[in-house]
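One file, protein_11.cif, is given below (mmCIF, C-alpha atoms).
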data_structure
loop_
_atom_site.group_PDB
_atom_site.id
_atom_site.type_symbol
_atom_site.label_atom_id
_atom_site.label_comp_id
_atom_site.auth_asym_id
_atom_site.auth_seq_id
_atom_site.Cartn_x
_atom_site.Cartn_y
_atom_site.Cartn_z
ATOM 1 C CA MET A 285 84.245 129.454 91.319
ATOM 2 C CA PRO A 286 82.608 126.248 92.647
ATOM 3 C CA ILE A 287 79.473 126.031 94.752
ATOM 4 C CA THR A 288 79.767 123.620 97.671
ATOM 5 C CA PRO A 289 76.630 122.184 99.278
ATOM 6 C CA TYR A 290 76.646 122.072 103.087
ATOM 7 C CA LEU A 291 74.441 119.230 104.327
ATOM 8 C CA LEU A 292 73.274 119.009 107.922
ATOM 9 C CA TYR A 293 73.012 115.686 109.746
ATOM 10 C CA GLU A 294 71.854 114.739 113.227
ATOM 11 C CA ASP A 295 74.479 111.969 113.279
ATOM 12 C CA CYS A 296 77.321 113.196 111.117
ATOM 13 C CA ASP A 297 79.581 110.284 112.107
ATOM 14 C CA ALA A 298 77.030 107.820 110.722
ATOM 15 C CA ALA A 299 76.458 109.963 107.619
ATOM 16 C CA LEU A 300 80.188 110.021 106.848
ATOM 17 C CA LYS A 301 80.286 106.226 106.992
ATOM 18 C CA PHE A 302 77.129 105.836 104.899
ATOM 19 C CA LEU A 303 78.199 108.280 102.178
ATOM 20 C CA THR A 304 81.539 106.465 101.915
ATOM 21 C CA ASN A 305 80.008 102.994 101.695
ATOM 22 C CA ALA A 306 76.908 103.739 99.630
ATOM 23 C CA PHE A 307 77.907 106.585 97.351
ATOM 24 C CA GLY A 308 81.711 106.289 97.158
ATOM 25 C CA PHE A 309 82.606 109.601 98.786
ATOM 26 C CA GLU A 310 86.032 109.961 100.410
ATOM 27 C CA GLU A 311 86.345 111.695 103.769
ATOM 28 C CA VAL A 312 88.779 114.604 103.572
ATOM 29 C CA LEU A 313 88.384 116.296 106.955
ATOM 30 C CA ARG A 314 86.528 115.801 110.235
ATOM 31 C CA TYR A 315 86.342 118.285 113.113
ATOM 32 C CA LYS A 316 84.787 117.355 116.439
ATOM 33 C CA GLY A 317 84.016 120.178 118.822
ATOM 34 C CA ALA A 318 83.973 120.236 122.595
ATOM 35 C CA GLY A 319 80.599 118.431 122.596
ATOM 36 C CA GLY A 320 82.238 115.375 121.034
ATOM 37 C CA TYR A 321 80.194 115.358 117.843
ATOM 38 C CA VAL A 322 81.147 116.322 114.294
ATOM 39 C CA ASN A 323 80.724 120.070 113.903
ATOM 40 C CA HIS A 324 82.221 120.103 110.404
ATOM 41 C CA ALA A 325 83.370 117.525 107.865
ATOM 42 C CA GLU A 326 84.345 117.499 104.215
ATOM 43 C CA MET A 327 83.968 114.731 101.642
ATOM 44 C CA ARG A 328 85.091 114.406 98.036
ATOM 45 C CA LEU A 329 83.843 112.468 95.034
ATOM 46 C CA GLY A 330 86.081 113.034 92.028
ATOM 47 C CA ASP A 331 86.547 116.793 91.740
ATOM 48 C CA SER A 332 83.413 117.603 93.748
ATOM 49 C CA VAL A 333 83.293 118.436 97.441
ATOM 50 C CA ILE A 334 80.493 118.511 100.000
ATOM 51 C CA TYR A 335 80.588 119.948 103.502
ATOM 52 C CA MET A 336 78.658 118.418 106.366
ATOM 53 C CA GLY A 337 77.936 119.165 109.968
ATOM 54 C CA ASP A 338 75.741 118.569 112.987
ATOM 55 C CA PRO A 339 74.118 121.876 113.960
ATOM 56 C CA GLY A 340 73.003 120.703 117.398
ATOM 57 C CA ASP A 341 69.906 119.555 119.217
ATOM 58 C CA ASP A 342 67.398 121.885 117.540
ATOM 59 C CA TYR A 343 68.032 120.517 114.049
ATOM 60 C CA ARG A 344 65.535 118.109 112.438
ATOM 61 C CA ASN A 345 66.601 116.134 109.376
ATOM 62 C CA PRO A 346 64.363 115.625 106.315
ATOM 63 C CA ALA A 347 63.330 112.144 107.506
ATOM 64 C CA LYS A 348 61.935 113.593 110.744
ATOM 65 C CA LEU A 349 60.335 116.511 108.911
ATOM 66 C CA GLY A 350 58.726 114.113 106.459
ATOM 67 C CA ALA A 351 59.733 116.212 103.466
ATOM 68 C CA ALA A 352 62.691 116.770 101.193
ATOM 69 C CA THR A 353 64.607 119.947 101.952
ATOM 70 C CA VAL A 354 67.289 119.680 99.264
ATOM 71 C CA LEU A 355 68.169 117.504 96.284
ATOM 72 C CA VAL A 356 71.818 116.809 95.548
ATOM 73 C CA MET A 357 72.741 116.010 91.923
ATOM 74 C CA VAL A 358 75.937 114.026 91.397
ATOM 75 C CA SER A 359 77.481 113.390 87.979
ATOM 76 C CA VAL A 360 79.172 110.003 87.714
ATOM 77 C CA GLU A 361 81.014 108.152 84.972
ATOM 78 C CA ASP A 362 79.109 104.876 85.467
ATOM 79 C CA VAL A 363 75.564 105.282 86.771
ATOM 80 C CA GLU A 364 74.911 101.525 86.826
ATOM 81 C CA ALA A 365 77.933 100.896 89.067
ATOM 82 C CA ALA A 366 76.881 103.786 91.332
ATOM 83 C CA PHE A 367 73.374 102.323 91.533
ATOM 84 C CA GLU A 368 74.647 98.842 92.433
ATOM 85 C CA ARG A 369 76.904 100.260 95.125
ATOM 86 C CA ALA A 370 74.143 102.391 96.647
ATOM 87 C CA ARG A 371 71.607 99.558 96.599
ATOM 88 C CA ASP A 372 74.062 97.018 98.025
ATOM 89 C CA ALA A 373 74.976 99.416 100.859
ATOM 90 C CA GLY A 374 71.322 99.782 101.833
ATOM 91 C CA ALA A 375 70.472 103.183 100.367
ATOM 92 C CA GLU A 376 66.756 103.696 99.912
ATOM 93 C CA ILE A 377 66.304 103.693 96.142
ATOM 94 C CA THR A 378 63.629 106.210 95.165
ATOM 95 C CA GLU A 379 64.036 105.857 91.412
ATOM 96 C CA GLU A 380 65.560 103.000 89.412
ATOM 97 C CA PRO A 381 68.117 103.902 86.711
ATOM 98 C CA ALA A 382 66.307 105.322 83.681
ATOM 99 C CA ASP A 383 67.139 107.324 80.572
ATOM 100 C CA GLN A 384 65.935 110.930 80.694
ATOM 101 C CA GLU A 385 64.762 112.988 77.723
ATOM 102 C CA TYR A 386 67.553 115.513 78.307
ATOM 103 C CA GLY A 387 70.305 112.949 77.660
ATOM 104 C CA GLU A 388 71.097 111.681 81.150
ATOM 105 C CA ARG A 389 70.659 108.248 82.713
ATOM 106 C CA ARG A 390 69.955 108.664 86.412
ATOM 107 C CA PHE A 391 68.711 107.046 89.590
ATOM 108 C CA GLY A 392 67.420 108.480 92.834
ATOM 109 C CA ALA A 393 68.291 107.517 96.392
ATOM 110 C CA ARG A 394 67.716 108.746 99.910
ATOM 111 C CA ASP A 395 70.250 108.554 102.720
ATOM 112 C CA PRO A 396 69.263 107.387 106.229
ATOM 113 C CA GLU A 397 68.476 110.943 107.372
ATOM 114 C CA GLY A 398 66.236 111.591 104.375
ATOM 115 C CA HIS A 399 68.435 113.712 102.116
ATOM 116 C CA ALA A 400 67.518 113.162 98.456
ATOM 117 C CA TRP A 401 70.274 112.296 95.967
ATOM 118 C CA TYR A 402 70.291 111.836 92.185
ATOM 119 C CA PHE A 403 73.230 110.235 90.413
ATOM 120 C CA SER A 404 73.407 110.732 86.664
ATOM 121 C CA GLN A 405 75.584 109.993 83.671
ATOM 122 C CA THR A 406 75.462 111.786 80.325
ATOM 123 C CA ILE A 407 74.554 109.239 77.665
ATOM 124 C CA ARG A 408 73.898 111.603 74.741
ATOM 125 C CA GLU A 409 73.943 115.307 73.953
ATOM 126 C CA VAL A 410 70.442 116.796 73.610
ATOM 127 C CA ALA A 411 69.778 120.438 72.789
ATOM 128 C CA PRO A 412 67.575 122.160 75.391
ATOM 129 C CA ASP A 413 64.934 122.966 72.760
ATOM 130 C CA ASP A 414 64.666 119.263 71.900
ATOM 131 C CA TRP A 415 63.308 118.389 75.358
ATOM 132 C CA GLY A 416 61.215 121.465 76.075
ATOM 133 C CA ALA A 417 63.681 123.640 77.964
ATOM 134 C CA THR A 418 64.395 127.242 77.068
ATOM 135 C CA THR A 419 67.551 129.276 77.321
ATOM 136 C CA PRO A 420 67.768 132.996 78.011
ATOM 137 C CA ALA A 421 67.881 135.181 74.913
#

When written as C-alpha cells, how does the structure in this file appear?
Amino acid sequence: MPITPYLLYEDCDAALKFLTNAFGFEEVLRYKGAGGYVNHAEMRLGDSVIYMGDPGDDYRNPAKLGAATVLVMVSVEDVEAAFERARDAGAEITEEPADQEYGERRFGARDPEGHAWYFSQTIREVAPDDWGATTPA
C-alpha cells in the first residue's frame, strides 16, 4: 500500500505550475472550493503521486516559518537531467548533484514556499553495513 505525501501551500495554483515546470510533475486533478482557491490537487511523477492543498489563511509555509517542516525524496532515472530542469526553472538549489556513500547520486532543492526536495538516482548497490547503517535483527 503506497504512502502519499500531502503538501500544504499558501498559493497552490502557483505551486502546481512550479512543480510542473521545475520538477516535471504532471497535474492529475485540481479542485477549487467556494473560496476560489485550490482546496485539493493531485500530481504525478512516474508511478508516484503527491497531494496538495491550501488549508486557508491560518497556514504558514516553511519559507515564512524559516524552517523546514518536511523533506520529500524523489527517485528519478536521470538525476542530472532533473537537476538541469530544476535549476533552469528557478528552483533554489540547496545541494549540487553529488554521489552519496549509500549508492545514490542526489541534489537538493527548495520550492518557492520553502518545501525541501531531494532528487536521487541509484548509481550502485551498497549494503547498509558498508555505509554505517544497521538493519533490524

Please identify all polymer residues within 12 Å of Asp297 in chain A, counting all atoms listed in the file, omitting same-chain residues fewer than 5 positions from it, and present them as a PyMOL selection string. chain A and resi 292+302-304+311+313-316+320-326+336-338

Give as a VMD selection string each residue that has an atom at most 12 Å from (64.8, 105.2, 82.7) in the file, counting all atoms listed in the file. chain A and resid 363 to 364 379 to 392 404 to 405 407

Correct to one decimal, the distance CA of Ala306 in chain A-CA of Arg394 in chain A is 10.5 Å

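Between CA of Gly350 in chain A and CA of Thr378 in chain A the separation is 14.6 Å.
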
Please, what is the axis-aligned box for every listed atom of range 373-386 of chain A with 4 Å on each side, as centre and edge lengths in Å to one decimal, as lines of an AutoDock Vina configuration file?
center_x = 69.3
center_y = 107.5
center_z = 89.8
size_x = 19.3
size_y = 24.1
size_z = 32.1

Fix up range 389-401 of chain A with N, CA, C and O atoms, then write it as an mmCIF file, keeping the file's coordinate frame.
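selection-v5.cif was written with the following content:
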data_model
loop_
_atom_site.group_PDB
_atom_site.id
_atom_site.type_symbol
_atom_site.label_atom_id
_atom_site.label_comp_id
_atom_site.auth_asym_id
_atom_site.auth_seq_id
_atom_site.Cartn_x
_atom_site.Cartn_y
_atom_site.Cartn_z
ATOM 1 N N ARG A 389 71.197 109.456 82.081
ATOM 2 C CA ARG A 389 70.659 108.248 82.713
ATOM 3 C C ARG A 389 70.877 108.466 84.191
ATOM 4 O O ARG A 389 71.992 108.787 84.621
ATOM 5 N N ARG A 390 69.826 108.340 84.989
ATOM 6 C CA ARG A 390 69.955 108.664 86.412
ATOM 7 C C ARG A 390 69.153 107.710 87.279
ATOM 8 O O ARG A 390 68.252 107.023 86.811
ATOM 9 N N PHE A 391 69.520 107.722 88.580
ATOM 10 C CA PHE A 391 68.711 107.046 89.590
ATOM 11 C C PHE A 391 68.624 107.951 90.801
ATOM 12 O O PHE A 391 69.445 108.853 90.988
ATOM 13 N N GLY A 392 67.610 107.701 91.618
ATOM 14 C CA GLY A 392 67.420 108.480 92.834
ATOM 15 C C GLY A 392 67.589 107.611 94.057
ATOM 16 O O GLY A 392 67.271 106.416 94.050
ATOM 17 N N ALA A 393 68.104 108.223 95.123
ATOM 18 C CA ALA A 393 68.291 107.517 96.392
ATOM 19 C C ALA A 393 68.085 108.499 97.539
ATOM 20 O O ALA A 393 68.137 109.716 97.352
ATOM 21 N N ARG A 394 67.859 107.938 98.710
ATOM 22 C CA ARG A 394 67.716 108.746 99.910
ATOM 23 C C ARG A 394 68.654 108.167 100.958
ATOM 24 O O ARG A 394 68.743 106.952 101.117
ATOM 25 N N ASP A 395 69.364 109.038 101.665
ATOM 26 C CA ASP A 395 70.250 108.554 102.720
ATOM 27 C C ASP A 395 69.439 108.325 103.997
ATOM 28 O O ASP A 395 68.249 108.656 104.047
ATOM 29 N N PRO A 396 70.032 107.723 105.037
ATOM 30 C CA PRO A 396 69.263 107.387 106.229
ATOM 31 C C PRO A 396 68.598 108.563 106.937
ATOM 32 O O PRO A 396 67.615 108.382 107.644
ATOM 33 N N GLU A 397 69.106 109.781 106.742
ATOM 34 C CA GLU A 397 68.476 110.943 107.372
ATOM 35 C C GLU A 397 67.498 111.653 106.440
ATOM 36 O O GLU A 397 66.959 112.692 106.768
ATOM 37 N N GLY A 398 67.264 111.078 105.256
ATOM 38 C CA GLY A 398 66.236 111.591 104.375
ATOM 39 C C GLY A 398 66.674 112.566 103.304
ATOM 40 O O GLY A 398 65.839 113.086 102.567
ATOM 41 N N HIS A 399 67.972 112.835 103.187
ATOM 42 C CA HIS A 399 68.435 113.712 102.116
ATOM 43 C C HIS A 399 68.275 112.992 100.778
ATOM 44 O O HIS A 399 68.614 111.822 100.645
ATOM 45 N N ALA A 400 67.752 113.722 99.779
ATOM 46 C CA ALA A 400 67.518 113.162 98.456
ATOM 47 C C ALA A 400 68.749 113.350 97.573
ATOM 48 O O ALA A 400 69.354 114.420 97.565
ATOM 49 N N TRP A 401 69.113 112.301 96.854
ATOM 50 C CA TRP A 401 70.274 112.296 95.967
ATOM 51 C C TRP A 401 69.863 111.768 94.603
ATOM 52 O O TRP A 401 69.103 110.803 94.513
#
